[in-house]
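Here is the structure we will look at.
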Amino acid sequence: MENELIRYFRHQVPGHRLLEVGLGDDAAVLRLGGRQYVLTVDLLSDHVDFDLAQVDARRVGRKLLAVNLSDIAAMAAKPLAAVIALLLPRSGGMELAKALYEGLLPLAEQYDLAIAGGDTNSWDGPLAASVTILGETSDRGPLTRSGARPGDQILVTGSFGGSILGKHLDFQPRVHEALLLHQNYQLHAGIDCSDGLALDLARLAEESGCGAVVDLAAVPVAEDAHRLAQQLADGSTPLDHALGDGEDFELILAVPPDQARRILADQPLQVPIFCIGQFIETPGLWEQSAEGQLRPLAAVGWQHRLDG
């Protein structure tokens, strides 16, 4: 499993004098010339993260950049520049590359992101693409996964589930939203929801050395989650999809109670913000019954599977 490999790397890869936050967060944090910068990379491929036979390549190009911008948002940082590496299929590769850039350049312009270069290669297989983004932290420093404290409230933006029906290609990275919240309120920790609400929340809690209790009735379930459950007709519920589908790319935040009350009252973003639970001392992911008892909640979500 992917998580096992990440744990292996964290034990094997040495630290470095420039590195302030390394493996295990949404992005690395480097200190250069007295300033903090964030660095993130994502590798996406055809038949895994999208299906070029079914969707416009321009939407795929936009996603290539958007997933990295979402990691920058999770750190409450400002994106600066990106480099893009494309492994193109030989057949039709030239036109595909042009379409990918037609899709990603408007998003780069929207966030004043410099496309600084990259690399291209070709082969007889499907498209694979890697995007690396450099960003800069605000004066308040980076938002990381490791700062949640027992008693903090779990706040989320937007809604969850059913992203395969379109959102996974067309979502809006929450860069401006994260910067606004980080600037005007006290936030203890954050992560973006790329692999599933339950799984990513569990990761945040684990990195912070605490647990998380979810009020399932408070989870904002997207309309697409209802549509997908109805289409599949496999016994899955809209809530199941909200907890485990992933690729919603919304923010999950750990916020002190007084600050959470302010945010919920102010609703300072164009996207709604909800409270779905709180962090506790007991490790693990939990749901709370109507009687107040805690029951384990499965950390469902997407993980790449590795054999051997």
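In the structure tokens, chains take the letters A, B, ... in the order shown, each chain's residues start at 1, and ligands count up from 1 in the order shown.
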- Item | Surrounding residues of Arg90 of chain A excluding itself and chain neighbours under 3 positions, 10 Å, only C-alpha atoms, as number ranges by chain | A: 87, 93-94, 96, 121-127
- Message: Using DSSP secondary structure from the backbone, list all alpha helix (DSSP H) positions within segment 97-185 of chain A, as a ChimeraX atom specification.
- Response: /A:97-110,167-170,175-184
- Query: Restricting the calculation to only C-alpha atoms, which member of A:Leu113, A:Ile164, A:Ile252, A:Leu134 is positioned closest to Ala225 of chain A?
  - Reply: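 The shortest atom-to-atom distance to Ala225 of chain A comes from A:Ile164.
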- Could you give me, as a PyMOL selection string, the residues within 12 Å of Glu177 of chain A, counting only C-alpha atoms and dropping anything in the same chain fewer than 6 positions from it? chain A and resi 70+72-78+156-158+183-185+192+250-253+267-273
- Item | Picked from segment 18-229 of chain A by DSSP as strand (DSSP E or B), as a VMD selection string | chain A and resid 19 to 21 28 to 32 35 to 46 50 77 to 89 114 to 123 128 to 137 153 to 157 160 189 to 192 211 to 214 221
- What separates atom CA of Leu32 of chain A and atom CA of Gly147 of chain A is a distance of 22.8 Å
- Message: Between A:Leu100, A:Leu187, A:Ala242, A:Val67, which residue has the minimum interatomic distance to Asp258 of chain A, considering only C-alpha atoms?
- Response: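 The shortest atom-to-atom distance to Asp258 of chain A comes from A:Leu187.
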- One decimal, Å: what's the distance from atom CA of Cys193 of chain A over to atom CA of Arg174 of chain A, could you say?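 Separating atom CA of Cys193 of chain A from atom CA of Arg174 of chain A is a distance of 10.8 Å.
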- Item | Residue with smallest distance to Leu64 of chain A - pool A:His168, A:His188, A:Arg261, A:Arg295, counting only C-alpha atoms |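 Among A:His168, A:His188, A:Arg261, A:Arg295, it is A:His168 that comes nearest to Leu64 of chain A.
For the set A:Ser163, A:Ser91, A:Gly190, A:Gly284, the residue with the smallest atom-to-atom gap to Ala298 of chain A is A:Gly284, counting only C-alpha atoms.
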- Item | Who sits within 8 Å of Asn68 of chain A, only C-alpha atoms, same chain under 2 positions skipped, as a list in words |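 Within the cut-off, the hits are Thr40, Val41, Asp42, Leu64, Leu65, Ala66, Ser70, Asp71, Ile72, Val131, Thr132 and Ile133 of chain A.
When only C-alpha atoms are used to compute distances to Ile263 of chain A, the closest of the residues A:Leu180, A:Ala299, A:Val38, A:Ala233 turns out to be A:Leu180.
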- Item | d(atom CA of Arg149 of chain A, atom CA of Asp200 of chain A) in Å |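 One can read the atom CA of Arg149 of chain A to atom CA of Asp200 of chain A distance as 16.3 Å.
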- Ser130 of chain A surroundings by only C-alpha atoms, 7 Å radius, close-in-sequence under 6 positions cut, as a list in words: Val41, Asp42, Leu43, Leu44, Ile84, Ala85 and Leu86 of chain A
- Message: Counting only C-alpha atoms, which residue out of A:Gly162, A:Leu19, A:Gln186, A:Leu197 sits closest to Thr237 of chain A?
- Response: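 Of all the options, A:Gly162 lies closest to Thr237 of chain A.
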- Task: List the neighbours of Lys63 of chain A out to 9 Å using only C-alpha atoms; skip same-chain residues closer than 4 positions along the sequence, and give me the result as a ChimeraX atom specification.
- Result: /A:58-59,67-68,103-104,168-171
- Distance query Ala260 of chain A at most 9 Å, only C-alpha atoms, self and fewer than 4 positions along chain excluded, as number ranges by chain: A: 152-155, 185-187, 254-256, 264-265, 275
Could you save those same residues with all heavy atoms as an mmCIF file, in the first residue's frame?
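Wrote part_4.cif, looks like this:
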```
data_model
loop_
_atom_site.group_PDB
_atom_site.id
_atom_site.type_symbol
_atom_site.label_atom_id
_atom_site.label_comp_id
_atom_site.auth_asym_id
_atom_site.auth_seq_id
_atom_site.Cartn_x
_atom_site.Cartn_y
_atom_site.Cartn_z
ATOM 1 N N ASP A 152 -9.898 21.028 19.265
ATOM 2 C CA ASP A 152 -10.064 21.754 18.004
ATOM 3 C C ASP A 152 -11.284 21.230 17.253
ATOM 4 O O ASP A 152 -11.584 20.037 17.278
ATOM 5 C CB ASP A 152 -8.837 21.589 17.110
ATOM 6 C CG ASP A 152 -7.659 22.439 17.543
ATOM 7 O OD1 ASP A 152 -7.827 23.279 18.441
ATOM 8 O OD2 ASP A 152 -6.560 22.243 16.978
ATOM 9 N N GLN A 153 -11.948 22.137 16.555
ATOM 10 C CA GLN A 153 -13.084 21.759 15.737
ATOM 11 C C GLN A 153 -12.605 21.378 14.324
ATOM 12 O O GLN A 153 -11.601 21.913 13.830
ATOM 13 C CB GLN A 153 -14.083 22.905 15.647
ATOM 14 C CG GLN A 153 -14.589 23.378 17.014
ATOM 15 C CD GLN A 153 -15.348 22.285 17.751
ATOM 16 O OE1 GLN A 153 -16.456 21.929 17.376
ATOM 17 N NE2 GLN A 153 -14.749 21.762 18.818
ATOM 18 N N ILE A 154 -13.319 20.446 13.702
ATOM 19 C CA ILE A 154 -13.027 20.042 12.330
ATOM 20 C C ILE A 154 -13.919 20.853 11.402
ATOM 21 O O ILE A 154 -15.139 20.657 11.372
ATOM 22 C CB ILE A 154 -13.283 18.547 12.115
ATOM 23 C CG1 ILE A 154 -12.498 17.696 13.117
ATOM 24 C CG2 ILE A 154 -12.920 18.148 10.684
ATOM 25 C CD1 ILE A 154 -12.938 16.243 13.152
ATOM 26 N N LEU A 155 -13.320 21.776 10.661
ATOM 27 C CA LEU A 155 -14.062 22.572 9.693
ATOM 28 C C LEU A 155 -13.695 22.130 8.279
ATOM 29 O O LEU A 155 -12.539 21.783 8.011
ATOM 30 C CB LEU A 155 -13.762 24.063 9.852
ATOM 31 C CG LEU A 155 -14.096 24.731 11.186
ATOM 32 C CD1 LEU A 155 -13.988 26.253 11.048
ATOM 33 C CD2 LEU A 155 -15.463 24.337 11.699
ATOM 34 N N TYR A 185 -7.882 34.355 10.753
ATOM 35 C CA TYR A 185 -8.290 33.513 11.880
ATOM 36 C C TYR A 185 -7.116 32.636 12.298
ATOM 37 O O TYR A 185 -6.171 32.429 11.523
ATOM 38 C CB TYR A 185 -9.475 32.624 11.493
ATOM 39 C CG TYR A 185 -10.663 33.366 10.941
ATOM 40 C CD1 TYR A 185 -10.776 33.608 9.573
ATOM 41 C CD2 TYR A 185 -11.673 33.840 11.784
ATOM 42 C CE1 TYR A 185 -11.870 34.291 9.060
ATOM 43 C CE2 TYR A 185 -12.772 34.523 11.271
ATOM 44 C CZ TYR A 185 -12.858 34.749 9.910
ATOM 45 O OH TYR A 185 -13.940 35.430 9.399
ATOM 46 N N GLN A 186 -7.187 32.114 13.495
ATOM 47 C CA GLN A 186 -6.159 31.180 13.951
ATOM 48 C C GLN A 186 -6.536 29.766 13.518
ATOM 49 O O GLN A 186 -7.585 29.250 13.892
ATOM 50 C CB GLN A 186 -6.017 31.235 15.476
ATOM 51 C CG GLN A 186 -4.907 30.339 16.010
ATOM 52 C CD GLN A 186 -4.841 30.330 17.528
ATOM 53 O OE1 GLN A 186 -5.679 30.942 18.202
ATOM 54 N NE2 GLN A 186 -3.845 29.653 18.075
ATOM 55 N N LEU A 187 -5.679 29.164 12.743
ATOM 56 C CA LEU A 187 -5.847 27.788 12.300
ATOM 57 C C LEU A 187 -4.685 26.969 12.845
ATOM 58 O O LEU A 187 -3.539 27.410 12.815
ATOM 59 C CB LEU A 187 -5.859 27.693 10.769
ATOM 60 C CG LEU A 187 -6.787 28.640 10.001
ATOM 61 C CD1 LEU A 187 -6.609 28.432 8.497
ATOM 62 C CD2 LEU A 187 -8.232 28.439 10.400
ATOM 63 N N ALA A 254 -8.184 22.131 11.227
ATOM 64 C CA ALA A 254 -8.282 22.037 12.685
ATOM 65 C C ALA A 254 -8.258 23.452 13.235
ATOM 66 O O ALA A 254 -7.273 24.182 13.033
ATOM 67 C CB ALA A 254 -7.123 21.219 13.250
ATOM 68 N N VAL A 255 -9.336 23.832 13.929
ATOM 69 C CA VAL A 255 -9.519 25.230 14.330
ATOM 70 C C VAL A 255 -9.899 25.292 15.806
ATOM 71 O O VAL A 255 -10.806 24.562 16.235
ATOM 72 C CB VAL A 255 -10.615 25.901 13.476
ATOM 73 C CG1 VAL A 255 -10.722 27.376 13.808
ATOM 74 C CG2 VAL A 255 -10.341 25.698 11.987
ATOM 75 N N PRO A 256 -9.252 26.156 16.607
ATOM 76 C CA PRO A 256 -9.660 26.316 18.009
ATOM 77 C C PRO A 256 -11.136 26.680 18.108
ATOM 78 O O PRO A 256 -11.675 27.363 17.222
ATOM 79 C CB PRO A 256 -8.767 27.451 18.510
ATOM 80 C CG PRO A 256 -7.612 27.492 17.569
ATOM 81 C CD PRO A 256 -8.134 27.042 16.240
ATOM 82 N N LEU A 264 -17.626 30.185 11.435
ATOM 83 C CA LEU A 264 -18.959 29.694 11.084
ATOM 84 C C LEU A 264 -19.980 30.826 11.074
ATOM 85 O O LEU A 264 -20.909 30.831 10.251
ATOM 86 C CB LEU A 264 -19.387 28.597 12.054
ATOM 87 C CG LEU A 264 -18.559 27.300 11.972
ATOM 88 C CD1 LEU A 264 -18.909 26.372 13.131
ATOM 89 C CD2 LEU A 264 -18.784 26.597 10.634
ATOM 90 N N ALA A 265 -19.817 31.778 11.971
ATOM 91 C CA ALA A 265 -20.725 32.919 12.003
ATOM 92 C C ALA A 265 -20.456 33.877 10.845
ATOM 93 O O ALA A 265 -21.386 34.392 10.214
ATOM 94 C CB ALA A 265 -20.607 33.650 13.335
ATOM 95 N N CYS A 275 -18.852 22.672 10.214
ATOM 96 C CA CYS A 275 -18.185 21.949 11.289
ATOM 97 C C CYS A 275 -18.713 20.518 11.288
ATOM 98 O O CYS A 275 -19.926 20.300 11.348
ATOM 99 C CB CYS A 275 -18.445 22.607 12.640
ATOM 100 S SG CYS A 275 -17.666 21.734 14.030
#
```
